[in-house]
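Novice: Okay, here's the structure, questions in a sec.
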Amino acid sequence: MPGAVLVAGLALAAVIVAKAPDVSVSALRQIHGDGTMLHEVGGVYVAGWVSPDWNPFVEDRFRILTLLASIVYLTSVTAIGATLVGTIRGVEGWPRTVRVLAGFLPGYLIVLVPLQVLFAGVYFVTAAWISLVTLPIIALLLHRRSLTVGITDLRSDPGRQRELLRTAAIISSILVLCGVYRLQAGRYFMVPDSITAFLNTAGEQLRGVFGSHLAQWDQQSDEWVFNAPLIFTSTQSQDYLFAFYATGFVALASFAALVFGIVHSFAVRRPRISGTLAMGAVLASSATIYPWDHVSLIGGQNPAMWLELPGRLMGIVGPWVALLLIGRLSPRTAVTIVLATAGLGFTTISGTAYIGVALVCAGSWHLLRGRGPARLRGLVRTWLVPALGVIAVLTPAFVFWDLHHVSSPNSLGWVLLAGSAAAIVAATLLALSGSDSSLLPQLTHVAPRVGVLLAALGVGFLLSNNLVGGFAHGQVRETLASILPGYGSTLQTRDITTTPIAFPTFTGQECQFTGHCVSFPYFLAAYGFLTILALATWLALGLRETTVDPGPRRAAFLVTVATLVASFALVDFTGADQITAWILTRFIEIPYYALLGFAAVAFVGSPNRVTAWAGGSVLVAWTVIPLASSHVFPQLARNADYLIRAVH
């Protein structure tokens, strides 16, 4: 049934879209559709996006020092993050290449607070060199035992030497591929438009505009803080774009590794195939009902290969990393987890919010599991939970169909929230009807840990100034400035303005920008693929497993659907302006990508071969076809040619 529903549903949605007279997928594609076009490397394609002005490869600008420092710095951060990755449930089954690459994004979060404090207290050039010297030392100390054992084994075992060389060659190839791709990814030369403000400020910082300490920002300063050690090694440096570029392509490789690894840990059967398909779907699949069309549905681009921002990438995988870390704390990793939690305060708030949702739901599951009446378990699992799941998945389709059949659409925002609530109720019923496994006796140990993590997150927000720069009328910053002089400077802003959110005050202008509700066929063109895929995934997850209780996976899927449905209400029914609505689509991206991962787990892990082949084939088609029909591969060739000429 899941495979049949998937194929038939996709066909029906495609027919509806094709026969609708008012639908133009090509017009929908024009919303950021130039991202898939072939571009000259280093060009300016949108007025005001002038990143090629900071091209590090022009004559007399590129420094070998920056290249060497980047290799040492990024490798050290990856090694520091590996201490957290090593605690993830199921990591021992990940391929060695995946384990190594996965460490960068956790390490990225871990070092943000120490760097912010260092640069706020010390002259920025001095702080840069302290960072570049200290982080490699910390990385070596964290891995001194494994390095000692590894070196001894390499000397005595030629097979280990060949294995190490093979792993190094694979990792290097992946990084080179990501680096060549990121050089000119669609209309972005090395970095997206949002980095332009950082690049302008870097030039001013080197000219002494902001004094002797690193400039601070009022929101989302993670890339600025992280790249500061590479940018400010000298007041004469001019190749600071290279730092953002290198961080971006290493983050892409790390993100791909984490997607593979997380799905590998969650998969019941065929974990490597599941991880590979999920990675391909998240990175490259088209969101539209026609797989040959790429349409951007999320601010900052989708699929994820168009997304450069490391903080956003970590936000996508963060909730699942958090779930896989539950119960795996050890004294060795406690500090890294606390620092990573504080680092979340520097990034976009959507990722932090979803990590909180994941942890709250996981705790609720353990507290509620098995506490319902035994006589209701069969009825709940067989009829009520499946029905509520179907209702939740189909609620957006109903709302954006009915939107054009009512005189006032405001009430439909509440329908979306009702659909989201249906999914939460279903997840709660699953917990109540599960086997009894109460963690109540352990609450005395859980509460202090939760308190520490919440305190760390609060400290991260205060140190980063992320949307809290004026907290307590600025007295917190004044107090910090008495200890760390950098906090006495004026906060810089990236001019991301938002309007107050009032629900429901639907105005329609958001739909003109996002395309969610221009018409029902337009909704199917943009979200029909995800809707049908989610529905079929839910049916596939309902199959009873003989070895693994499907309850937790089904509950996690339901919560994911609930957040997706609620995010539609947030974006389209809050009365926000177009810019705010586009920013709020970030709340869509995390459940959106998660549902692609669930599809890989449910279909590839199905005991029914027909279901597995049907789901796997659809995921492959929606990943390969858009790549083949876009200009990604010609752009890669053009990027490689440019890079080779630049190096020579």
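Residues are referred to by chain and number: the chain letter is A, B, ... according to the order shown in the structure tokens, the number counts from 1 in that chain, and ligands are numbered separately from 1 in the order shown.
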Just the residues within 10 Å of Ala594 of chain A, please, counting only C-alpha atoms, with nothing from its chain fewer than 5 positions along; format it as a list in words.

Specialist: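 In the requested format, the answer is Val259, Val263, Ala278, Val282, Ile316, Val317, Pro319, Trp320, Ala556, Phe557, Thr560, Val561, Leu564, Glu589 and Ala599 of chain A.
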
Novice: How would the residues just chosen look if you wrote them out with all heavy atoms as a short mmCIF file (atom, residue, chain, number, x, y, z; two decimals), in the first residue's frame?

Specialist:
```
data_model
loop_
_atom_site.label_atom_id
_atom_site.label_comp_id
_atom_site.auth_asym_id
_atom_site.auth_seq_id
_atom_site.Cartn_x
_atom_site.Cartn_y
_atom_site.Cartn_z
N VAL A 259 23.99 14.09 7.94
CA VAL A 259 22.73 13.57 7.42
C VAL A 259 22.83 12.06 7.22
O VAL A 259 21.95 11.29 7.64
CB VAL A 259 22.34 14.27 6.11
CG1 VAL A 259 21.14 13.57 5.46
CG2 VAL A 259 22.00 15.73 6.36
N VAL A 263 20.72 9.31 9.75
CA VAL A 263 19.78 8.35 9.17
C VAL A 263 20.30 6.93 9.37
O VAL A 263 19.52 6.00 9.62
CB VAL A 263 19.56 8.66 7.67
CG1 VAL A 263 18.74 7.56 7.00
CG2 VAL A 263 18.86 10.00 7.51
N ALA A 278 18.91 9.45 1.76
CA ALA A 278 18.53 10.65 2.51
C ALA A 278 19.49 11.79 2.23
O ALA A 278 19.08 12.94 2.04
CB ALA A 278 18.50 10.33 4.00
N VAL A 282 18.20 15.26 0.60
CA VAL A 282 18.33 16.53 1.34
C VAL A 282 19.21 17.51 0.58
O VAL A 282 18.91 18.71 0.50
CB VAL A 282 18.89 16.26 2.75
CG1 VAL A 282 19.28 17.56 3.44
CG2 VAL A 282 17.85 15.52 3.59
N ILE A 316 19.48 22.27 10.96
CA ILE A 316 18.69 21.23 10.29
C ILE A 316 18.93 19.87 10.93
O ILE A 316 17.99 19.08 11.12
CB ILE A 316 19.02 21.20 8.79
CG1 ILE A 316 18.53 22.50 8.12
CG2 ILE A 316 18.40 19.98 8.11
CD1 ILE A 316 19.01 22.69 6.70
N VAL A 317 20.18 19.56 11.25
CA VAL A 317 20.49 18.24 11.82
C VAL A 317 20.51 18.27 13.35
O VAL A 317 20.50 17.21 13.99
CB VAL A 317 21.85 17.73 11.30
CG1 VAL A 317 21.81 17.49 9.81
CG2 VAL A 317 22.98 18.71 11.65
N PRO A 319 18.32 18.88 15.88
CA PRO A 319 17.35 18.15 16.70
C PRO A 319 17.63 16.65 16.75
O PRO A 319 17.44 16.01 17.78
CB PRO A 319 16.02 18.45 16.00
CG PRO A 319 16.24 19.75 15.29
CD PRO A 319 17.67 19.73 14.86
N TRP A 320 18.09 16.10 15.65
CA TRP A 320 18.32 14.65 15.59
C TRP A 320 19.61 14.28 16.29
O TRP A 320 19.71 13.21 16.91
CB TRP A 320 18.30 14.20 14.13
CG TRP A 320 17.07 14.71 13.46
CD1 TRP A 320 16.96 15.76 12.60
CD2 TRP A 320 15.73 14.26 13.69
NE1 TRP A 320 15.64 15.97 12.26
CE2 TRP A 320 14.87 15.07 12.91
CE3 TRP A 320 15.18 13.24 14.47
CZ2 TRP A 320 13.48 14.88 12.90
CZ3 TRP A 320 13.81 13.06 14.46
CH2 TRP A 320 12.98 13.87 13.68
N ALA A 556 8.08 10.45 16.50
CA ALA A 556 8.97 11.50 15.99
C ALA A 556 8.48 12.02 14.64
O ALA A 556 8.54 13.24 14.37
CB ALA A 556 10.39 10.95 15.86
N PHE A 557 7.97 11.12 13.81
CA PHE A 557 7.40 11.55 12.53
C PHE A 557 6.20 12.46 12.75
O PHE A 557 6.06 13.49 12.08
CB PHE A 557 7.00 10.32 11.71
CG PHE A 557 6.27 10.65 10.44
CD1 PHE A 557 6.97 10.92 9.27
CD2 PHE A 557 4.88 10.69 10.39
CE1 PHE A 557 6.31 11.23 8.09
CE2 PHE A 557 4.20 10.99 9.22
CZ PHE A 557 4.92 11.26 8.07
N THR A 560 7.25 15.85 13.75
CA THR A 560 7.81 16.54 12.58
C THR A 560 6.70 17.11 11.71
O THR A 560 6.77 18.26 11.25
CB THR A 560 8.69 15.58 11.76
OG1 THR A 560 9.73 15.06 12.59
CG2 THR A 560 9.30 16.28 10.57
N VAL A 561 5.66 16.31 11.47
CA VAL A 561 4.52 16.79 10.69
C VAL A 561 3.83 17.95 11.41
O VAL A 561 3.44 18.95 10.79
CB VAL A 561 3.52 15.64 10.42
CG1 VAL A 561 2.22 16.16 9.83
CG2 VAL A 561 4.14 14.61 9.49
N LEU A 564 5.76 21.08 10.84
CA LEU A 564 5.62 21.56 9.46
C LEU A 564 4.29 22.27 9.27
O LEU A 564 4.22 23.37 8.71
CB LEU A 564 5.72 20.39 8.49
CG LEU A 564 5.50 20.76 7.01
CD1 LEU A 564 6.68 21.55 6.48
CD2 LEU A 564 5.27 19.51 6.17
N GLU A 589 11.96 24.77 6.90
CA GLU A 589 13.04 23.96 6.33
C GLU A 589 13.42 22.77 7.21
O GLU A 589 13.77 21.71 6.68
CB GLU A 589 14.27 24.82 6.05
CG GLU A 589 15.03 25.28 7.28
CD GLU A 589 16.25 26.13 6.90
OE1 GLU A 589 16.58 26.18 5.70
OE2 GLU A 589 16.85 26.73 7.80
N ALA A 599 11.43 9.51 4.96
CA ALA A 599 11.04 8.72 3.79
C ALA A 599 12.09 7.66 3.48
O ALA A 599 11.75 6.50 3.17
CB ALA A 599 10.83 9.64 2.59
#
```

Novice: I want to know what sits within 10 Å of Val111 of chain A, based on only C-alpha atoms, with residues of the same chain fewer than 6 positions away left out; could you give that as a list in words?

Specialist: Val77, Ile80, Gly81, Ser131, Leu135, Asp222, Val225, Phe226, Thr336, Leu339, Ala340, Ala342 and Gly343 of chain A

Novice: Could you pull out the alpha helix (DSSP H) residues of segment 260-309 of chain A, going by DSSP on the backbone, and write them as a list in words?

Specialist: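 These are the residues in question: Phe260, Gly261, Ile262, Val263, His264, Ser265, Phe266, Pro271, Arg272, Ile273, Ser274, Gly275, Thr276, Leu277, Ala278, Met279, Gly280, Ala281, Val282, Leu283 and Ala284 of chain A.
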
Novice: Those selected residues, please, written with N, CA, C and O atoms and delivered as a PDB file, in the first residue's frame.

Specialist:
```pdb
ATOM      1  N   PHE A 260      23.905  11.623   6.573  1.00  0.00           N
ATOM      2  CA  PHE A 260      24.110  10.188   6.366  1.00  0.00           C
ATOM      3  C   PHE A 260      24.170   9.459   7.701  1.00  0.00           C
ATOM      4  O   PHE A 260      23.504   8.433   7.900  1.00  0.00           O
ATOM      5  N   GLY A 261      24.970   9.981   8.620  1.00  0.00           N
ATOM      6  CA  GLY A 261      25.163   9.294   9.895  1.00  0.00           C
ATOM      7  C   GLY A 261      23.904   9.230  10.734  1.00  0.00           C
ATOM      8  O   GLY A 261      23.599   8.194  11.338  1.00  0.00           O
ATOM      9  N   ILE A 262      23.149  10.319  10.791  1.00  0.00           N
ATOM     10  CA  ILE A 262      21.921  10.334  11.589  1.00  0.00           C
ATOM     11  C   ILE A 262      20.927   9.319  11.064  1.00  0.00           C
ATOM     12  O   ILE A 262      20.333   8.541  11.828  1.00  0.00           O
ATOM     13  N   VAL A 263      20.717   9.311   9.747  1.00  0.00           N
ATOM     14  CA  VAL A 263      19.784   8.345   9.168  1.00  0.00           C
ATOM     15  C   VAL A 263      20.300   6.927   9.367  1.00  0.00           C
ATOM     16  O   VAL A 263      19.523   5.998   9.623  1.00  0.00           O
ATOM     17  N   HIS A 264      21.600   6.738   9.269  1.00  0.00           N
ATOM     18  CA  HIS A 264      22.200   5.421   9.524  1.00  0.00           C
ATOM     19  C   HIS A 264      21.861   4.952  10.933  1.00  0.00           C
ATOM     20  O   HIS A 264      21.542   3.768  11.154  1.00  0.00           O
ATOM     21  N   SER A 265      21.903   5.865  11.907  1.00  0.00           N
ATOM     22  CA  SER A 265      21.611   5.490  13.292  1.00  0.00           C
ATOM     23  C   SER A 265      20.129   5.207  13.509  1.00  0.00           C
ATOM     24  O   SER A 265      19.774   4.375  14.352  1.00  0.00           O
ATOM     25  N   PHE A 266      19.248   5.893  12.790  1.00  0.00           N
ATOM     26  CA  PHE A 266      17.817   5.708  12.963  1.00  0.00           C
ATOM     27  C   PHE A 266      17.259   4.545  12.137  1.00  0.00           C
ATOM     28  O   PHE A 266      16.180   4.037  12.444  1.00  0.00           O
ATOM     29  N   PRO A 271      20.874   0.355   6.528  1.00  0.00           N
ATOM     30  CA  PRO A 271      21.216   1.711   6.991  1.00  0.00           C
ATOM     31  C   PRO A 271      22.070   2.499   6.006  1.00  0.00           C
ATOM     32  O   PRO A 271      21.904   3.717   5.877  1.00  0.00           O
ATOM     33  N   ARG A 272      22.990   1.842   5.301  1.00  0.00           N
ATOM     34  CA  ARG A 272      23.862   2.590   4.390  1.00  0.00           C
ATOM     35  C   ARG A 272      23.094   3.085   3.170  1.00  0.00           C
ATOM     36  O   ARG A 272      23.315   4.209   2.699  1.00  0.00           O
ATOM     37  N   ILE A 273      22.187   2.264   2.665  1.00  0.00           N
ATOM     38  CA  ILE A 273      21.370   2.713   1.532  1.00  0.00           C
ATOM     39  C   ILE A 273      20.443   3.835   1.981  1.00  0.00           C
ATOM     40  O   ILE A 273      20.269   4.841   1.275  1.00  0.00           O
ATOM     41  N   SER A 274      19.843   3.679   3.174  1.00  0.00           N
ATOM     42  CA  SER A 274      18.961   4.724   3.700  1.00  0.00           C
ATOM     43  C   SER A 274      19.714   6.040   3.858  1.00  0.00           C
ATOM     44  O   SER A 274      19.227   7.109   3.467  1.00  0.00           O
ATOM     45  N   GLY A 275      20.906   5.969   4.444  1.00  0.00           N
ATOM     46  CA  GLY A 275      21.698   7.176   4.641  1.00  0.00           C
ATOM     47  C   GLY A 275      22.084   7.839   3.333  1.00  0.00           C
ATOM     48  O   GLY A 275      22.048   9.067   3.196  1.00  0.00           O
ATOM     49  N   THR A 276      22.443   7.031   2.335  1.00  0.00           N
ATOM     50  CA  THR A 276      22.839   7.576   1.037  1.00  0.00           C
ATOM     51  C   THR A 276      21.670   8.264   0.344  1.00  0.00           C
ATOM     52  O   THR A 276      21.802   9.374  -0.191  1.00  0.00           O
ATOM     53  N   LEU A 277      20.497   7.612   0.343  1.00  0.00           N
ATOM     54  CA  LEU A 277      19.323   8.213  -0.302  1.00  0.00           C
ATOM     55  C   LEU A 277      18.877   9.475   0.426  1.00  0.00           C
ATOM     56  O   LEU A 277      18.488  10.465  -0.207  1.00  0.00           O
ATOM     57  N   ALA A 278      18.905   9.453   1.756  1.00  0.00           N
ATOM     58  CA  ALA A 278      18.526  10.651   2.515  1.00  0.00           C
ATOM     59  C   ALA A 278      19.491  11.795   2.231  1.00  0.00           C
ATOM     60  O   ALA A 278      19.077  12.944   2.043  1.00  0.00           O
ATOM     61  N   MET A 279      20.768  11.494   2.200  1.00  0.00           N
ATOM     62  CA  MET A 279      21.765  12.523   1.919  1.00  0.00           C
ATOM     63  C   MET A 279      21.548  13.126   0.530  1.00  0.00           C
ATOM     64  O   MET A 279      21.574  14.353   0.359  1.00  0.00           O
ATOM     65  N   GLY A 280      21.298  12.271  -0.454  1.00  0.00           N
ATOM     66  CA  GLY A 280      21.043  12.771  -1.803  1.00  0.00           C
ATOM     67  C   GLY A 280      19.786  13.613  -1.875  1.00  0.00           C
ATOM     68  O   GLY A 280      19.760  14.675  -2.507  1.00  0.00           O
ATOM     69  N   ALA A 281      18.714  13.153  -1.205  1.00  0.00           N
ATOM     70  CA  ALA A 281      17.451  13.882  -1.247  1.00  0.00           C
ATOM     71  C   ALA A 281      17.557  15.234  -0.562  1.00  0.00           C
ATOM     72  O   ALA A 281      17.055  16.246  -1.061  1.00  0.00           O
ATOM     73  N   VAL A 282      18.196  15.264   0.597  1.00  0.00           N
ATOM     74  CA  VAL A 282      18.325  16.526   1.336  1.00  0.00           C
ATOM     75  C   VAL A 282      19.214  17.511   0.583  1.00  0.00           C
ATOM     76  O   VAL A 282      18.914  18.705   0.502  1.00  0.00           O
ATOM     77  N   LEU A 283      20.306  17.026   0.024  1.00  0.00           N
ATOM     78  CA  LEU A 283      21.243  17.915  -0.647  1.00  0.00           C
ATOM     79  C   LEU A 283      20.755  18.379  -2.011  1.00  0.00           C
ATOM     80  O   LEU A 283      20.989  19.531  -2.389  1.00  0.00           O
ATOM     81  N   ALA A 284      20.076  17.514  -2.766  1.00  0.00           N
ATOM     82  CA  ALA A 284      19.889  17.828  -4.183  1.00  0.00           C
ATOM     83  C   ALA A 284      18.490  17.641  -4.726  1.00  0.00           C
ATOM     84  O   ALA A 284      18.242  18.011  -5.873  1.00  0.00           O
TER      85      ALA A 284
END
```

Novice: Which residues come within 9 Å of Trp401 of chain A, counting only C-alpha atoms, excluding same-chain residues fewer than 6 positions away, as a ChimeraX atom specification?

Specialist: /A:517,519-521,523

Novice: Can you tell me, as an mmCIF file with N, CA and C atoms, in the first residue's frame, what residues are no more than 12 Å from Thr563 of chain A when counting only C-alpha atoms, ignoring any on the same chain fewer than 6 positions away?

Specialist:
```cif
data_model
loop_
_atom_site.group_PDB
_atom_site.id
_atom_site.type_symbol
_atom_site.label_atom_id
_atom_site.label_comp_id
_atom_site.auth_asym_id
_atom_site.auth_seq_id
_atom_site.Cartn_x
_atom_site.Cartn_y
_atom_site.Cartn_z
ATOM 1 N N SER A 350 15.551 29.519 14.754
ATOM 2 C CA SER A 350 14.694 28.389 14.367
ATOM 3 C C SER A 350 15.328 27.056 14.737
ATOM 4 N N ALA A 353 15.075 26.536 18.468
ATOM 5 C CA ALA A 353 13.702 26.224 18.870
ATOM 6 C C ALA A 353 13.367 24.762 18.604
ATOM 7 N N TYR A 354 13.770 24.241 17.460
ATOM 8 C CA TYR A 354 13.441 22.854 17.122
ATOM 9 C C TYR A 354 14.226 21.857 17.962
ATOM 10 N N ILE A 355 15.441 22.200 18.343
ATOM 11 C CA ILE A 355 16.187 21.328 19.259
ATOM 12 C C ILE A 355 15.451 21.248 20.591
ATOM 13 N N VAL A 357 12.210 21.642 21.008
ATOM 14 C CA VAL A 357 11.014 20.830 20.771
ATOM 15 C C VAL A 357 11.364 19.346 20.817
ATOM 16 N N ALA A 358 12.467 18.979 20.172
ATOM 17 C CA ALA A 358 12.866 17.566 20.137
ATOM 18 C C ALA A 358 13.133 17.032 21.540
ATOM 19 N N CYS A 361 9.849 16.797 23.637
ATOM 20 C CA CYS A 361 9.026 15.668 23.197
ATOM 21 C C CYS A 361 9.636 14.333 23.609
ATOM 22 N N ALA A 392 -3.377 14.971 9.924
ATOM 23 C CA ALA A 392 -2.316 15.972 10.087
ATOM 24 C C ALA A 392 -1.553 16.193 8.788
ATOM 25 N N VAL A 393 -1.204 15.111 8.092
ATOM 26 C CA VAL A 393 -0.433 15.228 6.857
ATOM 27 C C VAL A 393 -1.219 15.983 5.786
ATOM 28 N N PRO A 396 -2.565 20.746 5.481
ATOM 29 C CA PRO A 396 -2.169 21.862 4.609
ATOM 30 C C PRO A 396 -2.820 21.804 3.241
ATOM 31 N N LEU A 416 -5.053 24.927 10.460
ATOM 32 C CA LEU A 416 -3.676 24.424 10.429
ATOM 33 C C LEU A 416 -3.196 24.051 11.825
ATOM 34 N N LEU A 417 -3.493 24.897 12.794
ATOM 35 C CA LEU A 417 -3.090 24.585 14.166
ATOM 36 C C LEU A 417 -3.818 23.351 14.688
ATOM 37 N N ALA A 418 -5.070 23.182 14.257
ATOM 38 C CA ALA A 418 -5.803 21.975 14.666
ATOM 39 C C ALA A 418 -5.164 20.729 14.069
ATOM 40 N N GLY A 419 -4.720 20.818 12.812
ATOM 41 C CA GLY A 419 -4.019 19.683 12.204
ATOM 42 C C GLY A 419 -2.724 19.379 12.909
ATOM 43 N N SER A 420 -2.013 20.430 13.317
ATOM 44 C CA SER A 420 -0.782 20.236 14.079
ATOM 45 C C SER A 420 -1.086 19.579 15.418
ATOM 46 N N ALA A 421 -2.161 20.018 16.060
ATOM 47 C CA ALA A 421 -2.550 19.432 17.348
ATOM 48 C C ALA A 421 -2.936 17.966 17.195
ATOM 49 N N ALA A 422 -3.565 17.615 16.064
ATOM 50 C CA ALA A 422 -3.941 16.218 15.822
ATOM 51 C C ALA A 422 -2.704 15.323 15.823
ATOM 52 N N ALA A 423 -1.627 15.805 15.214
ATOM 53 C CA ALA A 423 -0.392 15.015 15.191
ATOM 54 C C ALA A 423 0.189 14.870 16.588
ATOM 55 N N ILE A 424 0.143 15.931 17.382
ATOM 56 C CA ILE A 424 0.669 15.864 18.755
ATOM 57 C C ILE A 424 -0.177 14.915 19.600
ATOM 58 N N ALA A 556 8.081 10.455 16.500
ATOM 59 C CA ALA A 556 8.971 11.501 15.991
ATOM 60 C C ALA A 556 8.477 12.024 14.645
ATOM 61 N N PHE A 557 7.969 11.121 13.810
ATOM 62 C CA PHE A 557 7.403 11.547 12.526
ATOM 63 C C PHE A 557 6.203 12.457 12.746
ATOM 64 N N ALA A 569 1.174 27.883 9.167
ATOM 65 C CA ALA A 569 0.353 28.903 9.829
ATOM 66 C C ALA A 569 1.200 30.118 10.176
ATOM 67 N N LEU A 570 2.420 29.892 10.638
ATOM 68 C CA LEU A 570 3.306 30.986 11.015
ATOM 69 C C LEU A 570 3.642 31.860 9.811
ATOM 70 N N ARG A 586 12.219 29.739 7.359
ATOM 71 C CA ARG A 586 13.257 28.917 7.988
ATOM 72 C C ARG A 586 12.640 27.907 8.956
ATOM 73 N N PHE A 587 11.462 28.230 9.486
ATOM 74 C CA PHE A 587 10.791 27.266 10.356
ATOM 75 C C PHE A 587 10.214 26.106 9.554
ATOM 76 N N ILE A 588 10.074 26.272 8.231
ATOM 77 C CA ILE A 588 9.607 25.181 7.381
ATOM 78 C C ILE A 588 10.752 24.231 7.052
ATOM 79 N N GLU A 589 11.961 24.770 6.895
ATOM 80 C CA GLU A 589 13.040 23.962 6.330
ATOM 81 C C GLU A 589 13.422 22.772 7.205
ATOM 82 N N ILE A 590 13.378 22.916 8.517
ATOM 83 C CA ILE A 590 13.845 21.824 9.378
ATOM 84 C C ILE A 590 12.915 20.615 9.295
ATOM 85 N N PRO A 591 11.580 20.764 9.456
ATOM 86 C CA PRO A 591 10.719 19.596 9.239
ATOM 87 C C PRO A 591 10.691 19.144 7.784
ATOM 88 N N TYR A 592 10.859 20.069 6.854
ATOM 89 C CA TYR A 592 10.887 19.702 5.434
ATOM 90 C C TYR A 592 12.001 18.694 5.154
ATOM 91 N N ALA A 594 13.627 16.967 7.375
ATOM 92 C CA ALA A 594 13.453 15.786 8.223
ATOM 93 C C ALA A 594 12.515 14.776 7.572
ATOM 94 N N LEU A 595 11.466 15.254 6.908
ATOM 95 C CA LEU A 595 10.526 14.342 6.259
ATOM 96 C C LEU A 595 11.186 13.589 5.101
#
```

Novice: How many Å lie between atom CA of Gln184 of chain A and atom CA of Val41 of chain A, rounded to one decimal?

Specialist: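 The value is 5.7 Å.
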
Novice: Name all residues at most 10 Å from Asp22 of chain A (count only C-alpha atoms; drop same-chain ones fewer than 3 positions away) and give them as an mmCIF file with N, CA and C atoms, in the first residue's frame.

Specialist:
```cif
data_model
loop_
_atom_site.group_PDB
_atom_site.id
_atom_site.type_symbol
_atom_site.label_atom_id
_atom_site.label_comp_id
_atom_site.auth_asym_id
_atom_site.auth_seq_id
_atom_site.Cartn_x
_atom_site.Cartn_y
_atom_site.Cartn_z
ATOM 1 N N VAL A 17 -1.887 19.520 -11.529
ATOM 2 C CA VAL A 17 -1.049 20.678 -11.831
ATOM 3 C C VAL A 17 -0.992 20.923 -13.332
ATOM 4 N N ALA A 18 -0.846 19.845 -14.106
ATOM 5 C CA ALA A 18 -0.718 19.988 -15.563
ATOM 6 C C ALA A 18 -1.988 20.542 -16.201
ATOM 7 N N LYS A 19 -3.157 20.197 -15.676
ATOM 8 C CA LYS A 19 -4.425 20.615 -16.274
ATOM 9 C C LYS A 19 -4.922 21.955 -15.741
ATOM 10 N N VAL A 25 4.617 26.470 -13.674
ATOM 11 C CA VAL A 25 5.739 26.050 -12.841
ATOM 12 C C VAL A 25 6.979 26.867 -13.188
ATOM 13 N N VAL A 518 -1.199 30.776 -3.833
ATOM 14 C CA VAL A 518 -1.676 31.465 -5.029
ATOM 15 C C VAL A 518 -2.897 30.739 -5.578
ATOM 16 N N SER A 519 -2.819 29.426 -5.607
ATOM 17 C CA SER A 519 -3.952 28.576 -5.963
ATOM 18 C C SER A 519 -3.632 27.177 -5.465
ATOM 19 N N PRO A 521 -3.588 24.278 -7.176
ATOM 20 C CA PRO A 521 -2.587 23.612 -8.029
ATOM 21 C C PRO A 521 -1.171 24.148 -7.806
ATOM 22 N N TYR A 522 -1.059 25.450 -7.506
ATOM 23 C CA TYR A 522 0.263 25.983 -7.194
ATOM 24 C C TYR A 522 0.818 25.323 -5.933
#
```

Novice: Atom CA of Gly363 of chain A and atom CA of Gly542 of chain A, how far apart in Å?

Specialist: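 Calculated distance between atom CA of Gly542 of chain A and atom CA of Gly363 of chain A is 22.7 Å.
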